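Take a look at the structure set out below.
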Number of protein chains: 2
Amino acid sequence: MTAPEKAQWQINAEKAQAYRDASMQEVAKLFPSPEDGNKFLTGALPDPLPTNVTPLTKDYLTPLDYAIIETDPLVLLEELASKKVSAVQAAGAYIRAGVLGQRLLNNVTEFLPAMALERAQFLDDYLAKNGKTIGPLHGLPFSLKDHIALKGHRNNYSLTALVDNVTDHTCVIVDIVKNAGAVFYQRTVQPQFLMHLESSSNVYGVAKNPFNTTLTCGGSSGGEAAALGFHSAVIGLGTDIGGSIRGPASMQGVYGFKPSVNRLPSGDVYNAVTGSESILGTIGPMGRTLAIVELVTKVILDARPWKARPELIAKPWAPEAVLAGKKTVRVGVLHSDGVVNPQPPVARALKEVEAKLKAAGVVGDIELEIVPFTPYKHDEAWRIISSLYFEDGGAASIAFLRKTGEPDMELTKFIMTENENVRPLSLEDLWGLNREKHAYRNAYNTHWAASGIDFLISPAGPGAAQPHGTTRYWGYTSQWNLLDYPGVVFPVTTVDAEKDLPFSAADYTPLNATDKDYFERYTPEVYADAPIALQIVAQHSEDEEVIEYLKLVEQVLAN
Amino acid sequence: MTAPEKAQWQINAEKAQAYRDASMQEVAKLFPSPEDGNKFLTGALPDPLPTNVTPLTKDYLTPLDYAIIETDPLVLLEELASKKVSAVQAAGAYIRAGVLGQRLLNNVTEFLPAMALERAQFLDDYLAKNGKTIGPLHGLPFSLKDHIALKGHRNNYSLTALVDNVTDHTCVIVDIVKNAGAVFYQRTVQPQFLMHLESSSNVYGVAKNPFNTTLTCGGSSGGEAAALGFHSAVIGLGTDIGGSIRGPASMQGVYGFKPSVNRLPSGDVYNAVTGSESILGTIGPMGRTLAIVELVTKVILDARPWKARPELIAKPWAPEAVLAGKKTVRVGVLHSDGVVNPQPPVARALKEVEAKLKAAGVVGDIELEIVPFTPYKHDEAWRIISSLYFEDGGAASIAFLRKTGEPDMELTKFIMTENENVRPLSLEDLWGLNREKHAYRNAYNTHWAASGIDFLISPAGPGAAQPHGTTRYWGYTSQWNLLDYPGVVFPVTTVDAEKDLPFSAADYTPLNATDKDYFERYTPEVYADAPIALQIVAQHSEDEEVIEYLKLVEQVLAN
């Protein structure tokens, strides 16, 4: 007897990993750092590895690379514009950091050294020749979530069945930021079907959180977020239909902006299953500062993407209108959605931010008023949205798994194959759920209006990043997808073993099994070093609002 | 044997008509014009009636009423603001004209004399007491299409099964224009299911075109358009999912603005069948001048309706940005969509407008460039949209007919029950059609971009208003619903027996049966006195654009 043959899905996964690994080797050829023997790629890693791997960049990168990746993004843009740093240097620093990140976090699907080198060199030549930058993102290293299409590159949707799928187009959003000066150098991992709030898959394995590798980096834009947390990225793009930008950004303590649907161009990303329209995804920047997130948003909208993508709203970026003439801003704080209570670190973050806002009272000319806000049937929102994610009961998705014998991952079972809300919908079912969706949106609108708030400070999830495979609550982000309210997450603190003691079991009555799970799982030791973020939410289409309101909040927090 | 009993649908129809008739009698009580014996209501009509009944207002209304209804809308607003005309006088003039219109055109479902009198008196008192108007529409008589909900009033959706359906809410858009000063005085007819481009129903019978009562007033907002053409309305609101604002506006030679979906609040109009989302309708003003149409649009958006309706885009009305910094505007002219050729009067209107634009070359500082534009698979667009109008094959709609034994009207057979594109869709069918819809939108976007045009001058239909029951081509309007491109129709000319000779049958090869039908039907005599309008179209979400570009065109046409 011969040894059992490998399953097709394993063969395909190895192929995708080999493809990625070859691109890592190519980095060392095109972007070598010979002075340290390419330590970023070949240096032996500490054994055992620390759970917090973020300090390793200092040891495994050259001082110049380290200085570049530690530079504030807007400062880096200034240094690129003034030729203090060349585009080739910046791309080199980030792609080398990216390779190191991949070795530690398993968060990359492909490096793009040839593309990065060619573009960076072009930009350096352009600046030398013309004496000016090509655009506001001149030379900025830019990371991309894998399913944002690049012509001629693969889009496997984190499915082993699709590892040979080559895309025939480049997304409009990619061309826009490229034309503004962005340099693409890596593409990052996602979970199976892009439908977990983690980023592990059978194609690439487990993707980890740089602050604590026993925890998830989140998902589905978790590869991006891990890179941002590790500083192997300064800015990137993610997509979000249930929390996929905001969840992972929050878990790495970076900024993630989910605008309303059809504000930024996402209609041409690669999706394996298409035709479903009752819940739509959106695309947005994820970055290390709010300023770079807003700059990229503005760059995209300044390019009038609605001329190129027919699904978009023709609406320039106009943040100045938000606070014009406004004397009072009313803030709600969502301490719990009534379904799953935040774990202690998030509960503390909410209280601290609320206390600081109350204590401040004003920011500049604007009076801040904290207004009570109670959740309105968030469990109902989850029932509706999770019933609509897979209108066909998941049949089209499952078919991809069956093609190669790829197993359903545990979080796939959670969201799809074992989810009681997921079933093949008849047209009448679909109409009924759409009616429920609209009724819920109307009711929430009335509820919000009655509260009088301008914006809400919400958790971005029930806790910090969770241990791998356990992220089973989407409500703090998917709530705003169902409503199509924009949201932006921002870092507040990190888990603190002294401040963030577990709630007393004697006093705590779990709300339901999921709440019990999050409650029982919590001890601060599990979440050591994990960042804690919160989320600013405003009403549908108030995209500028969430950014401007976050600026107010950060002004207060900075004092 | 007794005489055959009346069918339930006939009993219900008579009930609805009696309700309407009672409201007509109420007009004479609350808004009498005793000096002429209430001629508007009781005066014997000419026998035989002329086909063009528009001159009759002069004979059947008092000189003051006639003067008021002939006043330009913005002038009327000035006269209301300066107390030259009271709100009660204006409401009286229009409601009396409305009753006369109903007698001649059969275009009204209900008069609102008590509501109108109370509101008009309140506005007069307000102005007297405060020395200023209540808002920019102070005292303006305002007509409403029947399915725009008014709490406590009936919404029968032009179905006999629903004649007793009382609505539980008032549309946000109604409250907004009311708060700005509008006075509602009549509600107007629609066709069965609101899904004909005419406005006849089994509830109320045939609605007629005031310029030629042998022709339709169009639909589904045909009652509004007939009133505007007859001058028993100066401004109103219609809805449009395939041409229902633009078709009837064009057939009466008035202005009708269909904005992109979710720009103006239409999510709370009364619809008998809900839950289908693949093609969405929109709401917009219909009026006698472009200025009043734009003013009402601005009034609605100035009220920030997106705070009240969660489906809306938060985007103020900002027309000034359209031409800012623009030196050249490129115009395409759609002489035919390649499916049904325009009849001679529309063909002439297109040529005349194109020639005038070419001859002008510039408007103000803007250079006008006429650019060739060819249609892109408009037949395909019709196949897709008509397959999606009734996702359930019409089952939910037909059920309403069966309830009372109400017959399918001929145009219902055309659009639904005998339409080869209409079938009950499985979820997979629906996904497939949604994919086709998006692919078509993408392809059209590419096609439009390649042409380089800023806007398109399109027919609003293949001809003038058609003889009753024959309006079987939607393509010139539904095309832009599928694409969700905004459109505004504007009057250009009237059918001219000398200029608009039939095309030579010897030279004409019909494109298909529908084209043959429109070709063979045409002789100028059939369309005597009928207005001819055209349509300005811009890309998705460019709502301000269509209005600003129409202003340019009208500047040229005025010279």
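Chains: A, B, ... in order of the structure tokens. Residues: from 1 per chain. Ligands: from 1, in order shown.
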
Next on the checklist: What are the residues of chain A lining chain B at 7 Å or less? Count only C-alpha atoms, and put the answer as a PyMOL selection string.
Outcome noted: chain A and resi 274-276+310+313-314+426-427+431-432+434-435+441-442+445+540-542

Restricting it to N, CA and C atoms, dump the selection as an mmCIF file, in the first residue's frame.
data_model
loop_
_atom_site.group_PDB
_atom_site.id
_atom_site.type_symbol
_atom_site.label_atom_id
_atom_site.label_comp_id
_atom_site.auth_asym_id
_atom_site.auth_seq_id
_atom_site.Cartn_x
_atom_site.Cartn_y
_atom_site.Cartn_z
ATOM 1 N N THR A 274 -21.925 35.954 -6.838
ATOM 2 C CA THR A 274 -22.494 37.268 -7.148
ATOM 3 C C THR A 274 -23.980 37.139 -7.480
ATOM 4 N N GLY A 275 -24.660 38.248 -7.445
ATOM 5 C CA GLY A 275 -26.076 38.279 -7.811
ATOM 6 C C GLY A 275 -26.981 38.573 -6.631
ATOM 7 N N SER A 276 -26.472 38.352 -5.418
ATOM 8 C CA SER A 276 -27.226 38.650 -4.211
ATOM 9 C C SER A 276 -27.093 40.140 -3.910
ATOM 10 N N PRO A 310 -20.528 52.650 -12.070
ATOM 11 C CA PRO A 310 -21.927 53.117 -12.147
ATOM 12 C C PRO A 310 -22.725 52.974 -10.868
ATOM 13 N N ILE A 313 -22.388 56.855 -5.705
ATOM 14 C CA ILE A 313 -23.008 58.158 -5.502
ATOM 15 C C ILE A 313 -22.018 59.236 -5.944
ATOM 16 N N ALA A 314 -22.497 60.201 -6.698
ATOM 17 C CA ALA A 314 -21.652 61.337 -7.107
ATOM 18 C C ALA A 314 -21.656 62.362 -5.975
ATOM 19 N N SER A 426 -36.789 31.100 -0.705
ATOM 20 C CA SER A 426 -37.648 31.274 -1.872
ATOM 21 C C SER A 426 -37.743 32.771 -2.141
ATOM 22 N N LEU A 427 -38.272 33.118 -3.299
ATOM 23 C CA LEU A 427 -38.450 34.532 -3.594
ATOM 24 C C LEU A 427 -39.347 35.193 -2.542
ATOM 25 N N TRP A 431 -38.382 38.351 -0.227
ATOM 26 C CA TRP A 431 -39.205 39.561 -0.111
ATOM 27 C C TRP A 431 -39.556 39.828 1.345
ATOM 28 N N GLY A 432 -39.908 38.771 2.055
ATOM 29 C CA GLY A 432 -40.284 38.934 3.457
ATOM 30 C C GLY A 432 -39.133 39.479 4.294
ATOM 31 N N ASN A 434 -36.571 41.167 3.131
ATOM 32 C CA ASN A 434 -36.333 42.551 2.722
ATOM 33 C C ASN A 434 -37.312 43.503 3.402
ATOM 34 N N ARG A 435 -38.556 43.064 3.501
ATOM 35 C CA ARG A 435 -39.536 43.895 4.215
ATOM 36 C C ARG A 435 -39.126 44.073 5.674
ATOM 37 N N ARG A 441 -34.921 49.128 9.617
ATOM 38 C CA ARG A 441 -34.219 50.405 9.358
ATOM 39 C C ARG A 441 -35.100 51.598 9.722
ATOM 40 N N ASN A 442 -36.363 51.517 9.374
ATOM 41 C CA ASN A 442 -37.265 52.616 9.715
ATOM 42 C C ASN A 442 -37.395 52.758 11.226
ATOM 43 N N ASN A 445 -34.277 54.174 12.731
ATOM 44 C CA ASN A 445 -34.184 55.598 12.411
ATOM 45 C C ASN A 445 -35.027 56.416 13.388
ATOM 46 N N HIS A 540 -26.963 56.552 8.208
ATOM 47 C CA HIS A 540 -26.712 56.191 6.808
ATOM 48 C C HIS A 540 -26.271 57.396 5.983
ATOM 49 N N SER A 541 -25.157 57.187 5.289
ATOM 50 C CA SER A 541 -24.666 58.157 4.313
ATOM 51 C C SER A 541 -23.932 59.334 4.971
ATOM 52 N N GLU A 542 -23.852 59.332 6.292
ATOM 53 C CA GLU A 542 -23.124 60.406 6.971
ATOM 54 C C GLU A 542 -21.660 59.996 7.150
#

Item to check | Non-local contacts of segment 15-32 of chain A (8 Å; only C-alpha atoms; under 2 positions in same chain excluded) as a PyMOL selection string | outcome: chain A and resi 11-13+34+38+41+92+95-96+99+108-114+117+163+203-204

Next on the checklist: Please return, as a ChimeraX atom specification, all residues of segment 262-450 of chain B that DSSP assigns to strand (DSSP E) on the basis of the backbone.
Outcome noted: /B:282-287,328-333,362-363,366-371

Checklist entry - segment 230-238 of chain A: which residues within 7 Å, counting only C-alpha atoms, same-chain residues fewer than 5 positions away excluded, as an MDAnalysis selection string? => result chainID A and resid 54 69 73 94 97:98 101 142:145 210 221 224 245 283:288

Item to check | helix (DSSP H, G or I) residues, from DSSP on the backbone, in segment 290-337 of chain B, as a PyMOL selection string | outcome: chain B and resi 290-302+305-307+320-323

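Each of B:Leu411, B:Val546, B:Leu77, B:Leu140 was checked against Glu294 of chain B using only C-alpha atoms; the smallest atom-to-atom distance is that of B:Val546.
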
Next on the checklist: So that I can see what lies close to Thr289 of chain B, please list as JSON, numbers by chain the residues with an atom at most 8 Å from it, counting only C-alpha atoms and leaving out residues fewer than 6 positions away in the same chain.
Outcome noted: {"B": [72, 73, 254, 255]}

Name all residues at most 10 Å from Val189 of chain B (count only C-alpha atoms; drop same-chain ones fewer than 3 positions away) and give them as a PDB file with C-alpha atoms, in the first residue's frame.
ATOM      1  CA  ASN B 106     -61.191  61.994 -15.457  1.00  0.00           C
ATOM      2  CA  ASN B 107     -57.828  62.475 -13.795  1.00  0.00           C
ATOM      3  CA  VAL B 108     -58.599  62.910 -10.098  1.00  0.00           C
ATOM      4  CA  THR B 109     -59.208  60.359  -7.345  1.00  0.00           C
ATOM      5  CA  GLU B 110     -60.138  62.798  -4.605  1.00  0.00           C
ATOM      6  CA  LEU B 144     -50.333  64.774  -5.400  1.00  0.00           C
ATOM      7  CA  LYS B 145     -50.304  61.473  -7.222  1.00  0.00           C
ATOM      8  CA  ASP B 146     -52.669  59.135  -5.405  1.00  0.00           C
ATOM      9  CA  HIS B 147     -50.135  56.650  -4.040  1.00  0.00           C
ATOM     10  CA  TYR B 157     -53.166  51.609  -5.851  1.00  0.00           C
ATOM     11  CA  SER B 158     -55.713  51.835  -8.680  1.00  0.00           C
ATOM     12  CA  GLN B 192     -53.865  49.479 -12.666  1.00  0.00           C
ATOM     13  CA  LEU B 194     -49.214  51.812 -11.452  1.00  0.00           C
ATOM     14  CA  GLU B 198     -51.124  55.429 -19.309  1.00  0.00           C
ATOM     15  CA  SER B 199     -53.455  56.168 -16.395  1.00  0.00           C
ATOM     16  CA  SER B 200     -56.642  54.259 -16.965  1.00  0.00           C
ATOM     17  CA  SER B 201     -57.900  51.807 -14.400  1.00  0.00           C
ATOM     18  CA  VAL B 203     -61.438  51.914 -10.539  1.00  0.00           C
ATOM     19  CA  TYR B 204     -61.870  55.214 -12.341  1.00  0.00           C
ATOM     20  CA  GLY B 205     -61.940  54.512 -16.083  1.00  0.00           C
ATOM     21  CA  VAL B 206     -60.017  56.319 -18.823  1.00  0.00           C
ATOM     22  CA  ALA B 207     -57.896  59.382 -18.039  1.00  0.00           C
ATOM     23  CA  GLY B 219     -48.816  57.198 -16.814  1.00  0.00           C
ATOM     24  CA  SER B 220     -48.375  56.187 -14.212  1.00  0.00           C
ATOM     25  CA  SER B 221     -48.282  59.809 -12.990  1.00  0.00           C
ATOM     26  CA  GLY B 222     -50.771  60.688 -15.712  1.00  0.00           C
ATOM     27  CA  GLY B 223     -53.347  62.336 -13.510  1.00  0.00           C
ATOM     28  CA  GLU B 224     -50.681  64.784 -12.364  1.00  0.00           C
ATOM     29  CA  ALA B 225     -49.532  65.467 -15.906  1.00  0.00           C
ATOM     30  CA  ALA B 226     -53.058  65.939 -17.225  1.00  0.00           C
TER      31      ALA B 226
END

Next on the checklist: As an exercise, work out the distance from atom CA of Val553 of chain B to atom CA of His378 of chain B in Å and give it to one decimal place.
Outcome noted: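 Distance between the two atoms: 24.9 Å.
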
Next on the checklist: Can you tell me which residues surround Pro141 of chain A at a distance of at most 7 Å, considering only C-alpha atoms, apart from same-chain residues fewer than 2 positions away, and format the answer as a PyMOL selection string?
Outcome noted: chain A and resi 90-91+94+139+143+182-185

Checklist entry - By how many Å are atom CA of His468 of chain A and atom CA of Leu228 of chain A apart? => result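 Atom-to-atom, atom CA of His468 of chain A and atom CA of Leu228 of chain A are spaced 18.9 Å apart.
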